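Novice: This structure is in structure tokens; I'll ask about it shortly.
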Amino acid sequence: MPLRIVKKIKDENFRASAFRRFLPPHIILLISILTTMLATYYVAATVEENDSLRFENEIQETEENIDKRLDAYIALLRGSAGLFAGSDFVKSEEFKSYVERLRLDQNYPGIQGLGFAPKITPGEFNSHFQEAETVYPNFKVYPEGNRPVYYPIVYLEPQNKKNMKALGFDMYSDASRKSAMDKARDSGMRGATGKITLVQEIGPEKQAGFLIYLPIYKTSKVPETVEKRREDIAGFVYAPFRTDDLLKGIFGSNTQNLVNFKIYDGTEIEPANLLHNSTTSASSMPRFEKTINLDVAGRTWTILFTTKPQFEKGSNWNFIPLTLILGSFLSFLFYFISRSQAQAFAKAEKAALNLQYSQEKLKQSEMRYRLVVENTNDIISLLDEDGNFVYTSPSFKKVLGYTPRELIGKKSFSIIHPDDVAHVQHEMAKAVKGNMVGATFRIKNKRGKYLYFEGNGTAILDKKGRPEMIVSTSHDITERTELEKRKDEFISMASHELKTPVTSLKVFTQVTQTLIAKNDLKKAESFLVKMDDQINKLTRLISELLNLSRIQSGKLELNMENFEIDTLVEDIVESLNATTLTHKIILKGKARSKIYADRDRIGQILINLITNAVKYSPRADKVLVSVTKQEKSIKIAIKDFGIGIPKEHLGKIFERFYQVSEGSDGTYPGLGIGLYISSEIARRHKGKINVESKKGEGSTFYLELPLKS
Ligand code: ADP
């Protein structure tokens, strides 16, 4: 797969898996934030419920305390009323000792006193006060003035300074007191006034106050009807209260209270109605606020409760931000942990992908390297310092026939030609020092044949400059070397071939000169014929050499024309038959076609093939030439019954300077270029020359030329 694609897949994979990896941390974050919000809401709701319960408890407790205490006072009044009811005038000492026995200070805190106010009509006025005047020397009913009925305070215990001030005060003269008294009289039960300022208030600190009355009738039982009650009313026992003192008496200085309360007379919350304010420390923003109504001796009080800072302190509301903060903290902690885990995974995955990518890259580069190494015709080997094979490229098999297994561990010198070993060793010694060296040497192939190689090598050195191994690359130059050799042989042969006719010509010239001088013209003429022969030989030789050089330089020119192939073949066979004494050249078949070609060159091929057939069949006496027309070509076969060509040479005889020279048949004169030139000319005509041959039986050469070129 191309690296570009691998990289693309790698990047895409990474992006997809990055999304996959980073989704869970975000989901975790979302879930934990939602959980935190839920938990916070739950805590808030619980705290709210708890606080509200605490507040309600406080209210209830406060209400009960006030209620209980007032009930106790009313009971006290009821007892006092019992003292007066139905009896004759109660003497002041009796009342005094009664009140003393009650120990008001200790048992009834907040109560200012217990008093008695009889009903007095103007007629009874003087007789009623004899007693009072004896007890209280300055006793006087006030306010002054004539009224149809008076209820002055005649007894008021304990006799302190404040209470003394109230003596003689006609309470029925005050509207607020009168209404409470009327209510008590008519109902036969207790009646409380609204907010008043007690007449006892003589000090600078005035408190709000109220009075509770209990009616006393002339009969010991409460009369049944309102009219009867009005008729029989004899007076009232009453108790004056200073509200602040009363409440202080109830709650003491209990600062443990968690609520503040303000008591208003009536149902309206107005400063004018304020009876008591318990506030010692107030919250700027109380958590809770509530008003309740309380029945006090038949009168309604409104109490406004608010929470104190102590209440807020005792509340668990701080759990709410704590839950929120802790939850958020944990949410983000989980998020970061899972994110860092995802990051670590992503990193690992990226590293793995990178590794995969590098491995792929490595594999591909390895593959490229292998492709080069395995497909080259060069043989590559690694040798240790002693020249033993450590590695051999697969090309060893192709070039030399050895598998790596056959060579690794073996001495490289064992397959080098003994004559070349010294030279190679000498070069290797230089290579070991890190030099790049080159040498030409022979290596024995698996079949035992030595092939020529040109090799380069150098040592791979370690960090300390010591040779680790020697790498060498060599390529087969056998063919080139053999060609060179053949070329050399050719030159010497060509020189020889040229020299022979020239020497003959020289001798013949001299002989001819002598014969002419002797006037033996007949003999001289025969020598001239021989000389012509030699000149023809020379001309042929020179023209072959010329052709060779033209072919090699690509300058062989063809004079193309249309001609009858049959005529050409007939002409050549005829002329060769005329000059060949040993063999009969027999022509068979006709093409009856014209071909478009260079007539002389085609003739040259035919002459070459027929003369070869004659030359290489010394023991035969005929050569067969046959012409056949094929679908698209003309095929001319030249068959001899001569020495034939060994199989291994068949492919090579068309090469330059190649000559088969072996066996007892000895060497045949020639330069080894005829077939090369012939096959090149045929190739230029888009034709070809083939050969079939069997050693000792003869050869058949085929020239095939296209009908239309
Ligand atoms: P030469 O000048 O040596 O004949 P050629 O190129 O014509 O050169 O032939 C090349 C070689 O092919 C010859 O040396 C010979 O060994 C072999 N050869 C060519 N023709 C024949 C043949 N008809 N029979 C046997 N061997 C042949």
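Identifiers for the structure tokens are assigned positionally: chains receive A, B, ... in sequence, residues are indexed from 1 per chain, and ligands are indexed from 1 in the order shown.
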Considering only C-alpha atoms, return as a PyMOL selection string whatever protein or nucleic-acid residues lie within 7 Å of stretch 260-273 of chain A, sequence-local ones (same chain, fewer than 4 positions apart) excluded.

Specialist: chain A and resi 194-195+277-279+300-308

Novice: Next, write the just-selected residues to a file, as a PDB file, in the first residue's frame, keeping N, CA and C atoms as the atom set.

Specialist:
ATOM      1  N   GLY A 194     -56.506  46.199  75.940  1.00  0.00           N
ATOM      2  CA  GLY A 194     -55.512  46.310  74.856  1.00  0.00           C
ATOM      3  C   GLY A 194     -54.278  46.938  75.453  1.00  0.00           C
ATOM      4  N   LYS A 195     -53.468  47.471  74.573  1.00  0.00           N
ATOM      5  CA  LYS A 195     -52.207  48.063  75.037  1.00  0.00           C
ATOM      6  C   LYS A 195     -52.514  49.350  75.803  1.00  0.00           C
ATOM      7  N   ASN A 277     -41.054  43.694  72.261  1.00  0.00           N
ATOM      8  CA  ASN A 277     -40.109  43.332  71.194  1.00  0.00           C
ATOM      9  C   ASN A 277     -38.975  42.569  71.841  1.00  0.00           C
ATOM     10  N   SER A 278     -38.854  41.279  71.472  1.00  0.00           N
ATOM     11  CA  SER A 278     -37.847  40.441  72.149  1.00  0.00           C
ATOM     12  C   SER A 278     -36.475  40.554  71.503  1.00  0.00           C
ATOM     13  N   THR A 279     -36.429  41.313  70.422  1.00  0.00           N
ATOM     14  CA  THR A 279     -35.199  41.308  69.617  1.00  0.00           C
ATOM     15  C   THR A 279     -33.977  41.726  70.418  1.00  0.00           C
ATOM     16  N   THR A 300     -57.062  39.345  71.278  1.00  0.00           N
ATOM     17  CA  THR A 300     -56.135  38.751  70.305  1.00  0.00           C
ATOM     18  C   THR A 300     -54.816  39.507  70.292  1.00  0.00           C
ATOM     19  N   TRP A 301     -53.790  38.709  70.415  1.00  0.00           N
ATOM     20  CA  TRP A 301     -52.442  39.265  70.217  1.00  0.00           C
ATOM     21  C   TRP A 301     -51.906  38.729  68.888  1.00  0.00           C
ATOM     22  N   THR A 302     -51.152  39.548  68.198  1.00  0.00           N
ATOM     23  CA  THR A 302     -50.488  39.076  66.975  1.00  0.00           C
ATOM     24  C   THR A 302     -48.998  39.018  67.272  1.00  0.00           C
ATOM     25  N   ILE A 303     -48.438  37.832  67.029  1.00  0.00           N
ATOM     26  CA  ILE A 303     -46.991  37.709  67.302  1.00  0.00           C
ATOM     27  C   ILE A 303     -46.258  37.490  65.978  1.00  0.00           C
ATOM     28  N   LEU A 304     -45.272  38.339  65.759  1.00  0.00           N
ATOM     29  CA  LEU A 304     -44.459  38.216  64.527  1.00  0.00           C
ATOM     30  C   LEU A 304     -43.115  37.601  64.909  1.00  0.00           C
ATOM     31  N   PHE A 305     -42.920  36.422  64.388  1.00  0.00           N
ATOM     32  CA  PHE A 305     -41.657  35.712  64.671  1.00  0.00           C
ATOM     33  C   PHE A 305     -40.668  35.904  63.515  1.00  0.00           C
ATOM     34  N   THR A 306     -39.413  36.132  63.862  1.00  0.00           N
ATOM     35  CA  THR A 306     -38.342  36.124  62.827  1.00  0.00           C
ATOM     36  C   THR A 306     -37.166  35.347  63.394  1.00  0.00           C
ATOM     37  N   THR A 307     -36.385  34.767  62.516  1.00  0.00           N
ATOM     38  CA  THR A 307     -35.255  33.954  62.994  1.00  0.00           C
ATOM     39  C   THR A 307     -34.098  34.849  63.403  1.00  0.00           C
ATOM     40  N   LYS A 308     -33.384  34.344  64.403  1.00  0.00           N
ATOM     41  CA  LYS A 308     -32.203  35.061  64.904  1.00  0.00           C
ATOM     42  C   LYS A 308     -30.965  34.604  64.138  1.00  0.00           C
TER      43      LYS A 308
END

Novice: Give me the residues near A:Glu157 as a list of chain:residue names, where near means some atom within 7 Å (using only C-alpha atoms) and where sequence neighbours in that chain fewer than 2 positions away do not count.

Specialist: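 Residues near the query, excluding close chain neighbours: A:Lys96, A:Val99, A:Gly113, A:Leu114, A:Gly115, A:Tyr155, A:Gln159.
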
Novice: Using only C-alpha atoms and all ligand atoms, find each protein or nucleic acid residue lying at most 8 Å from ligand 1; present the set as a PyMOL selection string.

Specialist: chain A and resi 608-610+612-617+639-640+642-645+653-661+668-677+693+698-701

Novice: Choose the residue, out of A:Val625, A:Ile415, A:Ile586, A:Leu705, that has the smallest atom-to-atom separation from A:Asp598; count only C-alpha atoms.

Specialist: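 Under the stated criterion, the closest residue is A:Leu705.
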
Novice: Using only C-alpha atoms, pick whichever of A:Arg101, A:Ile379, A:Val259, A:Gly387 has the shortest atom-to-atom distance to A:Pro404.

Specialist: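 Smallest separation from A:Pro404 among the options: A:Ile379.
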
Novice: Select from stretch 213-357 of chain A everything DSSP, run on the backbone, classes as strand (DSSP E), then give the selection as a PyMOL selection string.

Specialist: chain A and resi 213-217+233-242+259-265+274-277+289-296+299-307

Novice: Here is a test: counting only C-alpha atoms, which residue of A:Ile216, A:Tyr335, A:Ser504, A:Phe396 is nearest to A:Ile28?

Specialist: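 Selected residue with least distance to A:Ile28: A:Tyr335.
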
Novice: Out of stretch 172-341 of chain A, which residues get alpha helix (DSSP H) from DSSP, as an mmCIF file with N, CA, C and O atoms, in the first residue's frame?

Specialist:
data_model
loop_
_atom_site.group_PDB
_atom_site.id
_atom_site.type_symbol
_atom_site.label_atom_id
_atom_site.label_comp_id
_atom_site.auth_asym_id
_atom_site.auth_seq_id
_atom_site.Cartn_x
_atom_site.Cartn_y
_atom_site.Cartn_z
ATOM 1 N N ALA A 175 -61.421 54.428 78.785
ATOM 2 C CA ALA A 175 -62.207 53.692 77.784
ATOM 3 C C ALA A 175 -61.688 52.274 77.568
ATOM 4 O O ALA A 175 -62.466 51.314 77.527
ATOM 5 N N SER A 176 -60.379 52.163 77.455
ATOM 6 C CA SER A 176 -59.786 50.856 77.148
ATOM 7 C C SER A 176 -60.042 49.877 78.286
ATOM 8 O O SER A 176 -60.424 48.723 78.073
ATOM 9 N N ARG A 177 -59.833 50.383 79.525
ATOM 10 C CA ARG A 177 -60.047 49.528 80.699
ATOM 11 C C ARG A 177 -61.545 49.202 80.820
ATOM 12 O O ARG A 177 -61.921 48.054 81.084
ATOM 13 N N LYS A 178 -62.376 50.235 80.577
ATOM 14 C CA LYS A 178 -63.831 50.076 80.715
ATOM 15 C C LYS A 178 -64.334 48.957 79.796
ATOM 16 O O LYS A 178 -65.106 48.087 80.202
ATOM 17 N N SER A 179 -63.795 48.979 78.546
ATOM 18 C CA SER A 179 -64.281 47.982 77.582
ATOM 19 C C SER A 179 -63.895 46.572 78.029
ATOM 20 O O SER A 179 -64.672 45.623 77.897
ATOM 21 N N ALA A 180 -62.667 46.440 78.611
ATOM 22 C CA ALA A 180 -62.238 45.123 79.099
ATOM 23 C C ALA A 180 -63.079 44.696 80.291
ATOM 24 O O ALA A 180 -63.475 43.529 80.425
ATOM 25 N N MET A 181 -63.365 45.657 81.111
ATOM 26 C CA MET A 181 -64.145 45.356 82.316
ATOM 27 C C MET A 181 -65.565 44.948 81.921
ATOM 28 O O MET A 181 -66.119 43.969 82.441
ATOM 29 N N ASP A 182 -66.152 45.680 80.967
ATOM 30 C CA ASP A 182 -67.503 45.364 80.494
ATOM 31 C C ASP A 182 -67.548 43.955 79.910
ATOM 32 O O ASP A 182 -68.482 43.191 80.167
ATOM 33 N N LYS A 183 -66.529 43.672 79.161
ATOM 34 C CA LYS A 183 -66.465 42.359 78.507
ATOM 35 C C LYS A 183 -66.401 41.247 79.559
ATOM 36 O O LYS A 183 -67.105 40.226 79.471
ATOM 37 N N ALA A 184 -65.568 41.496 80.582
ATOM 38 C CA ALA A 184 -65.400 40.493 81.645
ATOM 39 C C ALA A 184 -66.712 40.346 82.426
ATOM 40 O O ALA A 184 -67.158 39.230 82.702
ATOM 41 N N ARG A 185 -67.321 41.514 82.721
ATOM 42 C CA ARG A 185 -68.581 41.498 83.491
ATOM 43 C C ARG A 185 -69.653 40.712 82.730
ATOM 44 O O ARG A 185 -70.305 39.838 83.269
ATOM 45 N N ASP A 186 -69.790 41.053 81.402
ATOM 46 C CA ASP A 186 -70.854 40.435 80.611
ATOM 47 C C ASP A 186 -70.614 38.950 80.369
ATOM 48 O O ASP A 186 -71.555 38.160 80.300
ATOM 49 N N SER A 187 -69.359 38.599 80.258
ATOM 50 C CA SER A 187 -69.073 37.186 79.934
ATOM 51 C C SER A 187 -68.934 36.331 81.184
ATOM 52 O O SER A 187 -68.989 35.108 81.129
ATOM 53 N N VAL A 226 -76.699 38.013 81.013
ATOM 54 C CA VAL A 226 -75.879 39.232 80.943
ATOM 55 C C VAL A 226 -76.516 40.317 81.827
ATOM 56 O O VAL A 226 -75.800 41.007 82.572
ATOM 57 N N GLU A 227 -77.857 40.430 81.747
ATOM 58 C CA GLU A 227 -78.547 41.466 82.539
ATOM 59 C C GLU A 227 -78.273 41.259 84.017
ATOM 60 O O GLU A 227 -77.941 42.174 84.751
ATOM 61 N N LYS A 228 -78.386 40.002 84.412
ATOM 62 C CA LYS A 228 -78.183 39.666 85.826
ATOM 63 C C LYS A 228 -76.739 39.961 86.226
ATOM 64 O O LYS A 228 -76.483 40.462 87.323
ATOM 65 N N ARG A 229 -75.837 39.663 85.312
ATOM 66 C CA ARG A 229 -74.402 39.900 85.598
ATOM 67 C C ARG A 229 -74.166 41.393 85.773
ATOM 68 O O ARG A 229 -73.441 41.824 86.666
ATOM 69 N N ARG A 230 -74.797 42.173 84.891
ATOM 70 C CA ARG A 230 -74.633 43.627 84.988
ATOM 71 C C ARG A 230 -75.213 44.135 86.327
ATOM 72 O O ARG A 230 -74.662 45.022 86.966
ATOM 73 N N GLU A 231 -76.330 43.552 86.673
ATOM 74 C CA GLU A 231 -77.023 43.966 87.906
ATOM 75 C C GLU A 231 -76.223 43.581 89.145
ATOM 76 O O GLU A 231 -76.060 44.363 90.075
ATOM 77 N N ASP A 232 -75.703 42.373 89.093
ATOM 78 C CA ASP A 232 -75.042 41.824 90.295
ATOM 79 C C ASP A 232 -73.545 42.104 90.371
ATOM 80 O O ASP A 232 -72.872 41.632 91.281
ATOM 81 N N THR A 243 -45.619 44.462 79.985
ATOM 82 C CA THR A 243 -45.395 43.370 79.021
ATOM 83 C C THR A 243 -43.955 42.901 78.982
ATOM 84 O O THR A 243 -43.670 41.701 79.000
ATOM 85 N N ASP A 244 -43.024 43.864 78.946
ATOM 86 C CA ASP A 244 -41.607 43.461 78.849
ATOM 87 C C ASP A 244 -41.223 42.632 80.058
ATOM 88 O O ASP A 244 -40.573 41.595 79.928
ATOM 89 N N ASP A 245 -41.679 43.108 81.255
ATOM 90 C CA ASP A 245 -41.340 42.388 82.476
ATOM 91 C C ASP A 245 -41.965 40.997 82.460
ATOM 92 O O ASP A 245 -41.345 40.015 82.869
ATOM 93 N N LEU A 246 -43.234 40.943 81.974
ATOM 94 C CA LEU A 246 -43.932 39.663 81.927
ATOM 95 C C LEU A 246 -43.172 38.666 81.046
ATOM 96 O O LEU A 246 -42.887 37.534 81.449
ATOM 97 N N LEU A 247 -42.811 39.139 79.847
ATOM 98 C CA LEU A 247 -42.126 38.230 78.915
ATOM 99 C C LEU A 247 -40.758 37.837 79.440
ATOM 100 O O LEU A 247 -40.314 36.703 79.273
ATOM 101 N N LYS A 248 -40.119 38.789 80.092
ATOM 102 C CA LYS A 248 -38.812 38.490 80.674
ATOM 103 C C LYS A 248 -38.981 37.413 81.741
ATOM 104 O O LYS A 248 -38.160 36.505 81.880
ATOM 105 N N GLY A 249 -40.126 37.592 82.484
ATOM 106 C CA GLY A 249 -40.438 36.598 83.513
ATOM 107 C C GLY A 249 -40.660 35.221 82.911
ATOM 108 O O GLY A 249 -40.271 34.212 83.490
ATOM 109 N N ILE A 250 -41.258 35.201 81.743
ATOM 110 C CA ILE A 250 -41.527 33.901 81.107
ATOM 111 C C ILE A 250 -40.236 33.289 80.553
ATOM 112 O O ILE A 250 -39.912 32.130 80.798
ATOM 113 N N PHE A 251 -39.517 34.097 79.839
ATOM 114 C CA PHE A 251 -38.344 33.530 79.127
ATOM 115 C C PHE A 251 -37.022 33.785 79.826
ATOM 116 O O PHE A 251 -35.997 33.268 79.410
ATOM 117 N N PRO A 309 -29.849 35.370 64.240
ATOM 118 C CA PRO A 309 -28.607 34.890 63.596
ATOM 119 C C PRO A 309 -28.207 33.512 64.127
ATOM 120 O O PRO A 309 -27.681 32.700 63.389
ATOM 121 N N GLN A 310 -28.534 33.242 65.422
ATOM 122 C CA GLN A 310 -28.188 31.939 65.996
ATOM 123 C C GLN A 310 -28.898 30.818 65.251
ATOM 124 O O GLN A 310 -28.366 29.728 65.081
ATOM 125 N N PHE A 311 -30.110 31.123 64.833
ATOM 126 C CA PHE A 311 -30.885 30.128 64.079
ATOM 127 C C PHE A 311 -30.165 29.819 62.768
ATOM 128 O O PHE A 311 -29.961 28.662 62.404
ATOM 129 N N GLU A 312 -29.759 30.897 62.116
ATOM 130 C CA GLU A 312 -29.058 30.726 60.835
ATOM 131 C C GLU A 312 -27.765 29.945 61.026
ATOM 132 O O GLU A 312 -27.397 29.132 60.186
ATOM 133 N N LYS A 313 -27.111 30.242 62.191
ATOM 134 C CA LYS A 313 -25.849 29.533 62.455
ATOM 135 C C LYS A 313 -26.093 28.042 62.619
ATOM 136 O O LYS A 313 -25.296 27.214 62.179
ATOM 137 N N GLY A 314 -27.184 27.747 63.295
ATOM 138 C CA GLY A 314 -27.506 26.333 63.551
ATOM 139 C C GLY A 314 -28.018 25.620 62.314
ATOM 140 O O GLY A 314 -28.160 24.393 62.314
ATOM 141 N N PHE A 319 -24.252 23.478 53.962
ATOM 142 C CA PHE A 319 -24.052 22.229 53.212
ATOM 143 C C PHE A 319 -24.357 22.432 51.728
ATOM 144 O O PHE A 319 -23.853 21.711 50.882
ATOM 145 N N ILE A 320 -25.217 23.417 51.453
ATOM 146 C CA ILE A 320 -25.653 23.618 50.061
ATOM 147 C C ILE A 320 -24.466 24.052 49.191
ATOM 148 O O ILE A 320 -24.109 23.353 48.247
ATOM 149 N N PRO A 321 -23.788 25.186 49.546
ATOM 150 C CA PRO A 321 -22.617 25.536 48.712
ATOM 151 C C PRO A 321 -21.517 24.491 48.797
ATOM 152 O O PRO A 321 -20.808 24.243 47.826
ATOM 153 N N LEU A 322 -21.452 23.849 50.013
ATOM 154 C CA LEU A 322 -20.414 22.829 50.179
ATOM 155 C C LEU A 322 -20.647 21.681 49.200
ATOM 156 O O LEU A 322 -19.720 21.216 48.527
ATOM 157 N N THR A 323 -21.903 21.245 49.123
ATOM 158 C CA THR A 323 -22.248 20.152 48.199
ATOM 159 C C THR A 323 -21.928 20.575 46.767
ATOM 160 O O THR A 323 -21.351 19.819 45.991
ATOM 161 N N LEU A 324 -22.304 21.822 46.472
ATOM 162 C CA LEU A 324 -22.098 22.329 45.107
ATOM 163 C C LEU A 324 -20.612 22.373 44.761
ATOM 164 O O LEU A 324 -20.169 21.872 43.722
ATOM 165 N N ILE A 325 -19.839 22.937 45.723
ATOM 166 C CA ILE A 325 -18.399 23.092 45.462
ATOM 167 C C ILE A 325 -17.734 21.723 45.386
ATOM 168 O O ILE A 325 -16.990 21.422 44.444
ATOM 169 N N LEU A 326 -18.052 20.869 46.399
ATOM 170 C CA LEU A 326 -17.438 19.542 46.438
ATOM 171 C C LEU A 326 -17.818 18.741 45.197
ATOM 172 O O LEU A 326 -16.976 18.102 44.560
ATOM 173 N N GLY A 327 -19.109 18.809 44.854
ATOM 174 C CA GLY A 327 -19.610 18.081 43.677
ATOM 175 C C GLY A 327 -18.930 18.556 42.413
ATOM 176 O O GLY A 327 -18.473 17.751 41.598
ATOM 177 N N SER A 328 -18.826 19.897 42.279
ATOM 178 C CA SER A 328 -18.180 20.450 41.074
ATOM 179 C C SER A 328 -16.723 20.026 41.051
ATOM 180 O O SER A 328 -16.193 19.640 40.004
ATOM 181 N N PHE A 329 -16.117 20.105 42.241
ATOM 182 C CA PHE A 329 -14.706 19.725 42.313
ATOM 183 C C PHE A 329 -14.526 18.267 41.879
ATOM 184 O O PHE A 329 -13.674 17.955 41.037
ATOM 185 N N LEU A 330 -15.383 17.399 42.440
ATOM 186 C CA LEU A 330 -15.285 15.973 42.093
ATOM 187 C C LEU A 330 -15.574 15.758 40.613
ATOM 188 O O LEU A 330 -14.898 14.990 39.938
ATOM 189 N N SER A 331 -16.583 16.511 40.097
ATOM 190 C CA SER A 331 -16.931 16.382 38.672
ATOM 191 C C SER A 331 -15.715 16.676 37.816
ATOM 192 O O SER A 331 -15.366 15.906 36.919
ATOM 193 N N PHE A 332 -15.075 17.820 38.142
ATOM 194 C CA PHE A 332 -13.922 18.195 37.313
ATOM 195 C C PHE A 332 -12.750 17.257 37.545
ATOM 196 O O PHE A 332 -11.993 16.972 36.624
ATOM 197 N N LEU A 333 -12.655 16.773 38.793
ATOM 198 C CA LEU A 333 -11.573 15.820 39.085
ATOM 199 C C LEU A 333 -11.751 14.568 38.230
ATOM 200 O O LEU A 333 -10.823 14.120 37.550
ATOM 201 N N PHE A 334 -13.012 14.038 38.239
ATOM 202 C CA PHE A 334 -13.304 12.846 37.420
ATOM 203 C C PHE A 334 -13.005 13.145 35.961
ATOM 204 O O PHE A 334 -12.421 12.347 35.242
ATOM 205 N N TYR A 335 -13.445 14.365 35.566
ATOM 206 C CA TYR A 335 -13.270 14.742 34.156
ATOM 207 C C TYR A 335 -11.788 14.743 33.797
ATOM 208 O O TYR A 335 -11.378 14.149 32.809
ATOM 209 N N PHE A 336 -10.984 15.394 34.674
ATOM 210 C CA PHE A 336 -9.564 15.493 34.347
ATOM 211 C C PHE A 336 -8.881 14.133 34.386
ATOM 212 O O PHE A 336 -8.025 13.846 33.565
ATOM 213 N N ILE A 337 -9.313 13.312 35.374
ATOM 214 C CA ILE A 337 -8.708 11.979 35.450
ATOM 215 C C ILE A 337 -9.026 11.205 34.183
ATOM 216 O O ILE A 337 -8.134 10.669 33.510
ATOM 217 N N SER A 338 -10.335 11.215 33.819
ATOM 218 C CA SER A 338 -10.699 10.411 32.638
ATOM 219 C C SER A 338 -10.108 11.013 31.378
ATOM 220 O O SER A 338 -9.740 10.318 30.449
ATOM 221 N N ARG A 339 -9.986 12.366 31.383
ATOM 222 C CA ARG A 339 -9.404 13.011 30.200
ATOM 223 C C ARG A 339 -7.923 12.658 30.081
ATOM 224 O O ARG A 339 -7.425 12.355 28.997
ATOM 225 N N SER A 340 -7.240 12.705 31.228
ATOM 226 C CA SER A 340 -5.817 12.398 31.150
ATOM 227 C C SER A 340 -5.614 10.938 30.781
ATOM 228 O O SER A 340 -4.668 10.588 30.077
ATOM 229 N N GLN A 341 -6.575 10.110 31.229
ATOM 230 C CA GLN A 341 -6.510 8.701 30.843
ATOM 231 C C GLN A 341 -6.706 8.573 29.329
ATOM 232 O O GLN A 341 -5.964 7.867 28.652
#

Novice: Contacts of A:Lys433 at 9 Å or less, counting only C-alpha atoms, minus same-chain residues fewer than 6 places along, as a list in words?

Specialist: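 Skipping anything fewer than 6 positions along the chain leaves Thr458, Ala459, Leu461, Gly465, Arg466 and Pro467 of chain A.
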
Novice: Mind pulling up the distance from atom CA of A:Asp419 to atom CA of A:Thr376?

Specialist: 27.4 Å

Novice: Give me, as a ChimeraX atom specification, all polymer residues having an atom no more than 12 Å from A:Thr481, counting only C-alpha atoms and skipping those fewer than 5 positions away in the same chain.

Specialist: /A:440-442,451-454,476,486-488

Novice: So which residues touch stretch 75-84 of chain A within 7 Å, counting only C-alpha atoms, skipping near sequence neighbours fewer than 2 positions away, as a PyMOL selection string?

Specialist: chain A and resi 71-73+86-87+90+214+216+237-238

Novice: Grab the residues selected above and save them as a PDB file, in the first residue's frame with C-alpha atoms.

Specialist:
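As written to disk, result00.pdb reads:
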ATOM      1  CA  ASP A  71     -53.210  30.638  82.038  1.00  0.00           C
ATOM      2  CA  ALA A  72     -51.415  30.495  85.361  1.00  0.00           C
ATOM      3  CA  TYR A  73     -52.068  34.223  85.938  1.00  0.00           C
ATOM      4  CA  GLY A  86     -70.180  36.459  97.581  1.00  0.00           C
ATOM      5  CA  SER A  87     -68.386  37.601 100.713  1.00  0.00           C
ATOM      6  CA  VAL A  90     -62.721  41.857 102.412  1.00  0.00           C
ATOM      7  CA  LEU A 214     -62.025  38.977  86.555  1.00  0.00           C
ATOM      8  CA  ILE A 216     -66.875  39.564  91.083  1.00  0.00           C
ATOM      9  CA  VAL A 237     -60.002  41.649  90.792  1.00  0.00           C
ATOM     10  CA  TYR A 238     -57.329  42.489  88.366  1.00  0.00           C
TER      11      TYR A 238
END

Novice: Which of these, A:Tyr42, A:Asn257, A:Ile638, A:Ala208, has the shortest distance to A:Glu61 once you count only C-alpha atoms?

Specialist: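 Closest to A:Glu61, using only C-alpha atoms: A:Asn257.
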
Novice: Could you name the residues that touch stretch 383-386 of chain A at 9 Å or less, counting only C-alpha atoms, but leaving out those on the same chain fewer than 3 positions away, as a PyMOL selection string?

Specialist: chain A and resi 389-392+411-412+428+432+459+467-472
